[in-house]
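Below is upload-v1.pdb, which holds PDB, C-alpha atoms.
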```
ATOM      1  CA  MET F  18      33.508 102.610  88.149
ATOM      2  CA  ALA F  19      36.100 101.303  85.640
ATOM      3  CA  GLU F  20      36.377  97.997  87.507
ATOM      4  CA  ALA F  21      32.583  97.566  87.330
ATOM      5  CA  LEU F  22      32.561  98.125  83.579
ATOM      6  CA  ILE F  23      35.367  95.563  83.069
ATOM      7  CA  ALA F  24      33.477  92.986  85.168
ATOM      8  CA  ALA F  25      30.272  93.549  83.196
ATOM      9  CA  ASP F  26      32.222  93.159  79.957
ATOM     10  CA  ALA F  27      33.647  89.801  81.137
ATOM     11  CA  LEU F  28      30.217  88.512  82.126
ATOM     12  CA  ASP F  29      28.835  89.355  78.706
ATOM     13  CA  GLY F  30      31.592  87.170  77.146
ATOM     14  CA  GLY F  31      32.086  89.549  74.251
ATOM     15  CA  ASP F  32      28.490  89.044  72.970
ATOM     16  CA  MET F  33      28.394  92.748  72.115
ATOM     17  CA  THR F  34      30.595  91.985  69.086
ATOM     18  CA  GLN F  35      28.130  89.469  67.542
ATOM     19  CA  ASP F  36      25.911  90.473  64.647
ATOM     20  CA  PRO F  37      22.343  90.557  65.998
ATOM     21  CA  ASN F  38      21.036  89.746  62.494
ATOM     22  CA  ALA F  39      23.132  86.533  62.112
ATOM     23  CA  PRO F  40      21.061  83.280  61.766
ATOM     24  CA  GLN F  41      20.870  81.381  65.045
ATOM     25  CA  GLN F  42      20.656  77.662  65.858
ATOM     26  CA  PRO F  43      18.439  76.519  68.736
ATOM     27  CA  GLY F  44      20.104  77.677  71.951
ATOM     28  CA  GLY F  45      21.308  80.964  70.482
ATOM     29  CA  TYR F  46      24.310  79.743  68.435
ATOM     30  CA  GLN F  47      25.032  80.911  64.951
ATOM     31  CA  GLY F  48      24.268  78.176  62.382
ATOM     32  CA  ALA F  49      24.873  77.335  58.742
ATOM     33  CA  PRO F  50      22.342  78.642  56.190
ATOM     34  CA  GLN F  51      19.490  76.211  55.689
ATOM     35  CA  GLN F  52      17.367  75.244  52.705
ATOM     36  CA  PRO F  53      13.575  75.112  53.105
ATOM     37  CA  GLY F  54      12.784  71.985  55.073
ATOM     38  CA  GLY F  55      15.864  72.264  57.262
ATOM     39  CA  TYR F  56      18.504  70.675  54.990
ATOM     40  CA  PRO F  57      21.939  72.352  54.828
ATOM     41  CA  THR F  58      23.090  73.967  51.615
ATOM     42  CA  GLY F  59      26.502  73.665  50.022
ATOM     43  CA  GLY F  60      26.647  70.179  48.461
ATOM     44  CA  GLN F  61      25.496  68.183  51.488
ATOM     45  CA  PRO F  62      24.564  64.497  50.975
ATOM     46  CA  TYR F  63      21.085  63.611  49.724
ATOM     47  CA  PRO F  64      18.793  63.668  52.797
ATOM     48  CA  ALA F  65      17.824  60.188  53.985
ATOM     49  CA  THR F  66      14.381  61.285  55.171
ATOM     50  CA  ASP F  67      11.847  63.885  54.200
ATOM     51  CA  GLN F  68      11.654  67.291  55.885
ATOM     52  CA  HIS F  69       9.532  65.792  58.685
ATOM     53  CA  GLY F  70      11.967  62.892  59.232
ATOM     54  CA  THR F  71       9.162  60.367  58.828
ATOM     55  CA  GLY F  72      10.301  58.401  55.776
ATOM     56  CA  PRO F  73      12.473  58.249  52.661
ATOM     57  CA  VAL F  74      12.514  61.197  50.313
ATOM     58  CA  THR F  75      11.046  61.061  46.837
ATOM     59  CA  PRO F  76      13.520  59.587  44.316
ATOM     60  CA  PRO F  77      15.348  62.196  42.224
ATOM     61  CA  PRO F  78      14.154  62.716  38.628
ATOM     62  CA  PRO F  79      16.640  60.275  36.997
ATOM     63  CA  VAL F  80      15.582  57.406  39.277
ATOM     64  CA  ALA F  81      11.892  58.278  38.922
ATOM     65  CA  LEU F  82      12.225  58.226  35.121
ATOM     66  CA  ALA F  83      14.165  54.944  35.213
ATOM     67  CA  VAL F  84      11.399  53.354  37.290
ATOM     68  CA  LYS F  85       8.761  54.461  34.775
ATOM     69  CA  LEU F  86      10.842  53.017  31.926
ATOM     70  CA  MET F  87      11.060  49.722  33.814
ATOM     71  CA  TYR F  88       7.267  49.482  33.843
ATOM     72  CA  VAL F  89       7.315  50.200  30.113
ATOM     73  CA  GLY F  90       9.815  47.356  29.720
ATOM     74  CA  ALA F  91       7.487  45.037  31.643
ATOM     75  CA  LEU F  92       4.643  45.932  29.290
ATOM     76  CA  LEU F  93       6.819  45.308  26.227
ATOM     77  CA  SER F  94       7.874  41.928  27.614
ATOM     78  CA  LEU F  95       4.221  40.991  28.018
ATOM     79  CA  VAL F  96       3.539  42.087  24.433
ATOM     80  CA  SER F  97       6.453  39.904  23.296
ATOM     81  CA  VAL F  98       4.862  36.896  25.002
ATOM     82  CA  LEU F  99       1.568  37.520  23.231
ATOM     83  CA  THR F 100       3.198  38.008  19.834
ATOM     84  CA  SER F 101       4.904  34.609  20.161
ATOM     85  CA  PHE F 102       1.492  32.980  19.745
ATOM     86  CA  LEU F 103       0.761  35.108  16.676
ATOM     87  CA  PHE F 104       3.735  33.620  14.838
ATOM     88  CA  THR F 105       2.976  29.940  15.456
ATOM     89  CA  ASP F 106       2.709  29.282  11.721
ATOM     90  CA  SER F 107       6.095  30.921  11.097
ATOM     91  CA  ILE F 108       7.686  28.816  13.835
ATOM     92  CA  ARG F 109       6.125  25.664  12.416
ATOM     93  CA  ALA F 110       7.299  26.488   8.899
ATOM     94  CA  SER F 111      10.837  27.122  10.157
ATOM     95  CA  ILE F 112      10.928  23.738  11.901
ATOM     96  CA  GLU F 113       9.411  21.907   8.946
ATOM     97  CA  SER F 114      12.140  23.304   6.704
ATOM     98  CA  GLN F 115      14.683  21.208   8.571
ATOM     99  CA  PRO F 116      15.429  17.914   6.771
ATOM    100  CA  GLY F 117      14.223  14.610   8.274
ATOM    101  CA  VAL F 118      11.657  16.122  10.676
ATOM    102  CA  ASP F 119       8.379  14.184  10.987
ATOM    103  CA  PRO F 120       5.021  15.881  11.797
ATOM    104  CA  ALA F 121       4.959  14.594  15.396
ATOM    105  CA  THR F 122       8.352  16.136  16.042
ATOM    106  CA  VAL F 123       7.206  19.406  14.495
ATOM    107  CA  ASP F 124       4.166  19.577  16.786
ATOM    108  CA  ALA F 125       6.255  18.829  19.862
ATOM    109  CA  ALA F 126       8.892  21.389  18.901
ATOM    110  CA  VAL F 127       6.288  24.095  18.328
ATOM    111  CA  THR F 128       4.659  23.408  21.701
ATOM    112  CA  VAL F 129       7.971  23.433  23.538
ATOM    113  CA  GLY F 130       9.002  26.625  21.783
ATOM    114  CA  LEU F 131       5.800  28.441  22.705
ATOM    115  CA  VAL F 132       5.916  27.283  26.332
ATOM    116  CA  PHE F 133       9.561  28.301  26.614
ATOM    117  CA  ALA F 134       8.868  31.734  25.118
ATOM    118  CA  ALA F 135       5.926  32.261  27.480
ATOM    119  CA  VAL F 136       7.903  31.268  30.585
ATOM    120  CA  VAL F 137      10.908  33.403  29.662
ATOM    121  CA  GLY F 138       8.668  36.343  28.812
ATOM    122  CA  LEU F 139       6.708  36.169  32.071
ATOM    123  CA  VAL F 140       9.928  35.886  34.064
ATOM    124  CA  GLY F 141      11.108  38.990  32.235
ATOM    125  CA  VAL F 142       7.911  40.824  33.182
ATOM    126  CA  GLY F 143       8.436  39.872  36.832
ATOM    127  CA  LEU F 144      12.049  41.047  36.803
ATOM    128  CA  TRP F 145      11.126  44.401  35.275
ATOM    129  CA  ILE F 146       8.498  44.977  37.980
ATOM    130  CA  LEU F 147      10.782  43.738  40.775
ATOM    131  CA  ASN F 148      13.515  46.141  39.766
ATOM    132  CA  ALA F 149      11.060  49.016  39.402
ATOM    133  CA  VAL F 150       9.627  48.562  42.899
ATOM    134  CA  PHE F 151      12.936  48.261  44.740
ATOM    135  CA  ASN F 152      14.844  50.881  42.779
ATOM    136  CA  ALA F 153      12.079  53.333  43.684
ATOM    137  CA  LYS F 154      12.836  52.495  47.334
ATOM    138  CA  GLY F 155      16.546  53.211  46.850
ATOM    139  CA  LYS F 156      17.782  49.620  47.304
ATOM    140  CA  SER F 157      21.393  49.436  46.134
ATOM    141  CA  TRP F 158      21.147  45.731  45.316
ATOM    142  CA  ALA F 159      18.285  46.510  42.932
ATOM    143  CA  ARG F 160      20.450  48.983  41.033
ATOM    144  CA  ILE F 161      23.218  46.382  40.733
ATOM    145  CA  LEU F 162      20.726  43.701  39.653
ATOM    146  CA  SER F 163      19.286  46.061  37.046
ATOM    147  CA  THR F 164      22.762  46.723  35.679
ATOM    148  CA  VAL F 165      23.644  43.013  35.463
ATOM    149  CA  LEU F 166      20.337  42.100  33.818
ATOM    150  CA  ALA F 167      20.666  44.969  31.355
ATOM    151  CA  SER F 168      24.144  43.765  30.365
ATOM    152  CA  LEU F 169      22.859  40.228  29.817
ATOM    153  CA  PHE F 170      19.890  41.554  27.854
ATOM    154  CA  VAL F 171      22.169  43.575  25.579
ATOM    155  CA  LEU F 172      24.246  40.484  24.803
ATOM    156  CA  SER F 173      21.222  38.256  24.197
ATOM    157  CA  THR F 174      19.539  40.853  21.981
ATOM    158  CA  LEU F 175      22.653  41.344  19.865
ATOM    159  CA  PHE F 176      22.876  37.564  19.441
ATOM    160  CA  SER F 177      19.178  37.289  18.516
ATOM    161  CA  LEU F 178      19.672  39.839  15.751
ATOM    162  CA  THR F 179      21.857  37.294  13.959
ATOM    163  CA  GLN F 180      19.021  34.725  14.008
ATOM    164  CA  PRO F 181      15.910  34.636  11.785
ATOM    165  CA  ALA F 182      12.917  36.217  13.520
ATOM    166  CA  PRO F 183       9.700  38.100  12.652
ATOM    167  CA  ALA F 184      10.101  41.829  12.097
ATOM    168  CA  LEU F 185       7.826  42.710  15.022
ATOM    169  CA  SER F 186       9.911  40.609  17.422
ATOM    170  CA  ARG F 187      13.061  42.376  16.215
ATOM    171  CA  VAL F 188      11.518  45.808  16.731
ATOM    172  CA  LEU F 189      10.367  44.922  20.260
ATOM    173  CA  GLY F 190      13.813  43.540  21.073
ATOM    174  CA  ILE F 191      15.583  46.682  19.847
ATOM    175  CA  VAL F 192      13.202  48.959  21.792
ATOM    176  CA  GLN F 193      13.801  46.976  24.985
ATOM    177  CA  LEU F 194      17.539  47.098  24.330
ATOM    178  CA  LEU F 195      17.453  50.902  24.157
ATOM    179  CA  LEU F 196      15.316  50.993  27.301
ATOM    180  CA  ALA F 197      17.806  48.847  29.214
ATOM    181  CA  ILE F 198      20.743  51.065  28.222
ATOM    182  CA  GLY F 199      18.874  54.264  29.089
ATOM    183  CA  ILE F 200      17.778  52.901  32.474
ATOM    184  CA  VAL F 201      21.325  51.976  33.480
ATOM    185  CA  VAL F 202      22.581  55.446  32.534
ATOM    186  CA  LEU F 203      19.840  57.062  34.639
ATOM    187  CA  LEU F 204      20.458  54.827  37.656
ATOM    188  CA  TRP F 205      24.142  55.737  37.777
ATOM    189  CA  ARG F 206      23.788  59.499  37.530
ATOM    190  CA  PRO F 207      25.497  61.383  40.428
ATOM    191  CA  GLU F 208      22.196  62.464  41.987
ATOM    192  CA  SER F 209      20.940  58.884  41.726
ATOM    193  CA  SER F 210      24.019  57.604  43.558
ATOM    194  CA  ARG F 211      23.443  60.112  46.369
ATOM    195  CA  PHE F 212      19.847  58.892  46.644
ATOM    196  CA  TYR F 213      20.923  55.237  47.018
ATOM    197  CA  GLN F 214      23.569  56.179  49.574
ATOM    198  CA  ALA F 215      21.041  58.149  51.597
ATOM    199  CA  ALA F 216      18.489  55.351  51.444
ATOM    200  CA  ALA F 217      21.081  52.934  52.851
ATOM    201  CA  ALA F 218      22.004  55.294  55.709
ATOM    202  CA  PRO F 219      20.648  54.410  59.198
ATOM    203  CA  ARG F 220      17.466  56.186  60.305
ATOM    204  CA  TYR F 221      17.406  58.123  63.557
TER     205      TYR F 221
END
```

Would you write out, as structure tokens, the structure that this file holds?
Amino acid sequence: MAEALIAADALDGGDMTQDPNAPQQPGGYQGAPQQPGGYPTGGQPYPATDQHGTGPVTPPPPVALAVKLMYVGALLSLVSVLTSFLFTDSIRASIESQPGVDPATVDAAVTVGLVFAAVVGLVGVGLWILNAVFNAKGKSWARILSTVLASLFVLSTLFSLTQPAPALSRVLGIVQLLLAIGIVVLLWRPESSRFYQAAAAPRY
């Protein structure tokens, strides 16, 4: 009888010592505690797909806010383009104040200035939207591009503050400057970095 009990014990493999209430993985093995949706707890990397594994997860709050601010920046850039045409008389007066400038030169300079402002402003609108779309998708190159453009914008805005300009243009420039700084801070938050890393991870 003793030999039979020992043999039965060996066949069971010591399962009698396991806690029957312990969480089990598929196949009957004990597993790590899981969050709702099946993601492991305890500081695991940002999941690359949603709980169904069908696509990228929603961007974390800092990235989502940064994307919204980018669309605001695009709108402000468009407003800046429109305000350029409101200050045509001021631009003309500034050019006419230069010595030795004839009327034909003034007209040409005003036209060139307005066209240049419109082109630069529309390019700025496009860049804001481009960065918003691809940062929302977790593209690392978009975050880097946003950071580079923000740095250039800070430098150009600080330089423009030393030049004569209408008060409205200065206010719009300062608001966009603050937006650019805030966006960069949001994009480089720790949870944002985990989101970009997860988005770049291969899908299975």

So what does the PyMOL selection byres ((chain F and resi 154) around 9) actually pick up in this one, as an MDAnalysis selection string?
-> chainID F and resid 73 75:76 149:153 155:156 213 216

Atom pair CA of Leu131 in chain F / CA of Thr105 in chain F: separation (Å) =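 So the answer is 7.9 Å.
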
Hey, what comes out of the PyMOL selection byres ((chain F and resi 188-200) around 7) on this file? Could you write it as a PyMOL selection string?
-> chain F and resi 83+86+90+93+167+170-171+174+184-187+201-204

Gap from CA of Asp106 in chain F to CA of Gly143 in chain F - Å, one decimal | 27.8 Å

Quick one: apply the PyMOL selection byres ((chain F and resi 109) around 10) to the file and drop the selected residues here as a ChimeraX atom specification.
-> /F:104-108,110-114,120,123-124,126-128,130
